[in-house]
Amino acid sequence: MLRFALFFGLGVWAFQQLPALPGPGWLALPVFVAILAWRVQRLRPMSALAIGCTWAYLYALLSVPPALPDGDRVQEWFATGHIVSLVQDGASVSRFVFEVQHLEGQGATHPGRWRLRLSWRDPPPLLAGQAWRLPVRLKPVHGYASPGAWDYEGWLYWQGIRYTGYVRSSAEALRLGDRRCCALTRLRAALATAIGELPTSAFSRGVIRALVVGDQSALAPEHKALFRATGSSHLMAISGLHIGLLAGLGLVAVTWLWRRIPPLCERFPARLAGAIAGSGAALGYALIAGMSLPTQRALAMLLVFALSLVARRESCSLNTLALAAVVVLVWHPPSIVSAGFWLSFGAVLTILAVLALSPRKPRWRVAIRIQLALSLALWPILTAFAMPASWVAPLVNLLLVPLFGLVIVPLSLLGSLMLGVSASLATWGLQWLAELLDLVRQGLLLATQGPWTEVMHSPPSSAALLAFAAGLMLLLAPRGVPIRGAALPLLLVPWLPMVPRVASGDFVLHVLDVGQGTSVVIETHQHTLLYDTGPAYPSGFSTAKAVVAPFLSQRGVARIDRVVLSHGDRDHAGDLASLIGRWSVGLVQSGEPQRVGFGARYCLAGERWSWDGVSFEFLHPAADARYTGNNASCVLRVSNRVGAVLLTGDIEAALERRLVAAYGKRLRSDILLAPHHGSSSSSTAELIEATRPVFVVYTAGWANRYGFPHPAVDQRWRDAGAITLNTARLGTIGFRLALEHGLIGPKAHRLNSARYWWHGRISAAPWHAVSSVDRRQAE
């Protein structure tokens, strides 16, 4: 079973790497390989691989969410359907999943079944099961495509959601009554509402709601950041840990009670009764928590272990774990590319290994060993998925995992369910629980007061991670395993000096996909510059946290040497505070330092510096004038012996002409960031003629309401011979200007790391290969 699971999983994983779903005829190949290999004993592992690939393909075909008529553009409809999820209420906006029975618009009615994720500003009271006829504006789901960023498109795709949108007008919305559906969701909504009304702190209410109904929307951003900083975020996500501990409590309690009633033992084995009770408790918890995909994975894994226990097989064997992995992958093959899958099975495998190596040790020593081993074993997984890892996590989890699993989660569930029986008694109990949670919060705050909470920012290479994983496997292997002594050297590989990512004299430009905004990272041999941080929103969401921070972590950036916030607009200077809280930041500069804060100083024309053989120079604003708004933008030129990059912020036509008059051909660039995202107020003929770039990059949001880049602007650049690129279509775009090889790129994330569930997939590079050196010679 172990060998079958390994090759089955490899087949499933290989299929998930495809950038697009192949045609139905492709199915014949893995089926043929599976049949042929199965008949030859030595080739049977290849048969398992082909079976995994085939099943992943069939699952993908069966799971494609239905498309709207002409659904690859922004559309307006009247949608008739009902709410099928918890309603997440913000300060003025509510969000929910709406299941549509038919759409009206464009002179026709289209029956069908679509799931939409909608937002509604200042809505009436909303509940699951309510039926509505809503005027909606819809567009395909389009998330941030950047290394390390959360796969928002995949998260919605595997829930059957392909479109998002908003209710255009409350006045045109028509309530149609309630549908007899969503009973469980209504129960969850009632529990969430009752928890929200508890006379306790916002922190405790948010935690209890997250643990009971699986909804973290009530947790404030600073509370989520607190759990992240201490490596305990997993406690807020209902997964195998919570479900397993609750099932274990049910198993132990019922087995203990059953064995003390002889008539019951004579009719039914206590072991079987306990397994059924534990599984029932886990199933009930999973249902109340909403049966999210991570919860489904954990439940499938638990049921395999429960069946193994009932069948009196060795429940701690690798074969049982392998069978659980196969069941999870059969249930949901895309799980194999999620961090949760690897963290869950990695944690169980580590616990089993530690238990096997500690047969007669005191329980407290075993618990400490397990937490230390988990911190080591899960670190490469966290690093591979660009997730933060904290030095204080082992100690925090050593204390909080048993506290949450054995006390807080059971009491939260019991108290919440008691709200429908005796509200006063339940409120009294939950208030005591809230006091305990407030103490937990104080402890977490105390744990963050020190250098030990520093998040590891410099991820090792893939080879170093593999060496570390191999060393860990040898360390946890039974005594007597050959070359077990090589474990320690392999574990030290990630801490060996790394070869710098960028050679001296070279620099790398990354134009990040932050939607309708700008953020650029420039790396030299030993320095990093951040130009703008992208937008921030009143809800607390910011691309600094969602895109920039994961990208910097994945690139191994330990310090941001200089931050340039071109000007004070929200789409350029959003939430720098979240980065300063995680990285050491050197100088902060801006064209509007009074608006951005953080002790920023002016970026002044004529200021120059050099890093590692790469030259930087501000061309605007001038020291003898003060600008506001778009024309206050810092204009930065970065160059080496290979070529130059010009970052222009949001400057407009009048200022472009001043720059051309002041600098003339010194503006010539190989790569240019289009002024003001490609607005018609910028990109004048004079700037185009002066810069003559090989590549022009637009930083725009997909289907943005401004229509950026403007078609006339794009045509002007193309007519001048430039290759235009748009982060909205290509995701994060990277270039390398290397002394040895010249200008290398562009490298587009939506092309090089495409997934078949992404919107707007690109099958080939939408540009032709061109060398900046050849271009200059031609001129």
# chains A, B, ... in the order shown; residues from 1 in each chain; ligands from 1

call {"tool": "residues_around", "arguments": {"residues": "stretch 75-83 of chain A", "least_positions_apart": "5", "cutoff": "9 Å", "atoms": "only C-alpha atoms", "output": "ChimeraX atom specification"}}
result
/A:70,96-106,126-139,168,173,176,178-179,182

call {"tool": "write_last_selection", "arguments": {"atoms": "C-alpha atoms", "output": "compact mmCIF listing (two decimals), in the first residue's frame"}}
result
# COMPACT_ATOMS: atom_id res chain seq x y z
CA ASP A 70 -20.13 34.99 -22.98
CA PHE A 96 -22.10 35.60 0.63
CA VAL A 97 -22.39 32.75 -1.86
CA PHE A 98 -25.46 32.96 -4.09
CA GLU A 99 -26.74 29.92 -5.99
CA VAL A 100 -28.51 30.99 -9.18
CA GLN A 101 -31.39 29.17 -10.89
CA HIS A 102 -31.70 31.50 -13.86
CA LEU A 103 -30.30 34.74 -15.26
CA GLU A 104 -32.14 37.49 -17.08
CA GLY A 105 -30.53 40.07 -19.27
CA GLN A 106 -29.34 40.97 -22.74
CA LEU A 126 -29.50 38.56 5.04
CA LEU A 127 -29.69 34.89 6.00
CA ALA A 128 -28.90 31.58 4.36
CA GLY A 129 -31.90 30.19 2.48
CA GLN A 130 -33.34 33.58 1.51
CA ALA A 131 -34.40 33.73 -2.16
CA TRP A 132 -33.77 36.93 -4.10
CA ARG A 133 -33.89 38.45 -7.55
CA LEU A 134 -30.76 40.60 -7.60
CA PRO A 135 -29.33 43.06 -10.13
CA VAL A 136 -25.68 41.99 -10.26
CA ARG A 137 -22.51 42.96 -12.06
CA LEU A 138 -20.30 39.90 -12.57
CA LYS A 139 -16.81 39.12 -13.77
CA ARG A 168 -25.73 47.02 -8.26
CA ALA A 173 -33.42 43.83 -5.40
CA LEU A 176 -38.81 36.21 -3.09
CA ASP A 178 -37.28 31.59 1.78
CA ARG A 179 -36.39 28.21 0.32
CA CYS A 182 -29.68 25.15 3.94

call {"tool": "select_by_dssp", "arguments": {"residues": "stretch 239-365 of chain A", "states": "alpha helix (DSSP H)", "output": "ChimeraX atom specification"}}
result
/A:240-258,262-267,270-288,293-310,318-331,339-357,363-365

call {"tool": "residues_around", "arguments": {"residues": "stretch 535-543 of chain A", "least_positions_apart": "5", "cutoff": "8 Å", "atoms": "only C-alpha atoms", "output": "list of chain:residue names"}}
result
A:Gly90, A:Ala91, A:Pro221, A:Val514, A:Gln516, A:Gly517, A:Thr518, A:Val548, A:Arg570, A:Asp571, A:His572, A:Ala573, A:Gly574, A:Asp575

call {"tool": "closest_residue", "arguments": {"among": "A:Ile288, A:Leu437, A:Ala674, A:Val638", "to": "A:Val207", "atoms": "only C-alpha atoms"}}
result
A:Leu437

call {"tool": "residues_around", "arguments": {"residues": "A:Arg297", "least_positions_apart": "4", "cutoff": "12 Å", "atoms": "only C-alpha atoms", "output": "MDAnalysis selection string"}}
result
chainID A and resid 238:241 243:244 283 286 291:293 301:304 324:336 338 340:345

call {"tool": "residues_around", "arguments": {"residues": "stretch 417-427 of chain A", "least_positions_apart": "5", "cutoff": "10 Å", "atoms": "only C-alpha atoms", "output": "PyMOL selection string"}}
result
chain A and resi 187+190-191+194-195+197-200+212+411-412+432-433

call {"tool": "select_by_dssp", "arguments": {"residues": "stretch 153-241 of chain A", "states": "strand (DSSP E)", "output": "list in words"}}
result
Ile161, Arg162, Tyr163, Thr164, Gly165, Tyr166, Val167, Leu174, Arg175, Leu176, Gly177 and Asp178 of chain A

call {"tool": "closest_residue", "arguments": {"among": "A:Ser615, A:Ala247, A:Val337, A:Ser233", "to": "A:Gln16", "atoms": "only C-alpha atoms"}}
result
A:Val337

call {"tool": "closest_residue", "arguments": {"among": "A:Ala202, A:Pro380, A:Gly591, A:Val84", "to": "A:Glu222", "atoms": "only C-alpha atoms"}}
result
A:Ala202

call {"tool": "atom_distance", "arguments": {"atom1": "atom CA of A:Glu656", "atom2": "atom CA of A:Glu689"}}
result
11.3 Å

call {"tool": "residues_around", "arguments": {"residues": "stretch 348-360 of chain A", "least_positions_apart": "4", "cutoff": "10 Å", "atoms": "only C-alpha atoms", "output": "list in words"}}
result
Gly240, Leu241, Cys316, Ser317, Leu318, Leu321, Trp342, Leu343, Ser344, Arg365, Val366, Ala367, Arg369, Ile370, Gln371, Ala373, Leu374, Ser375, Leu376, Ala377, Leu378, Leu472, Met473, Leu475, Leu476, Ala477, Pro478 and Arg479 of chain A
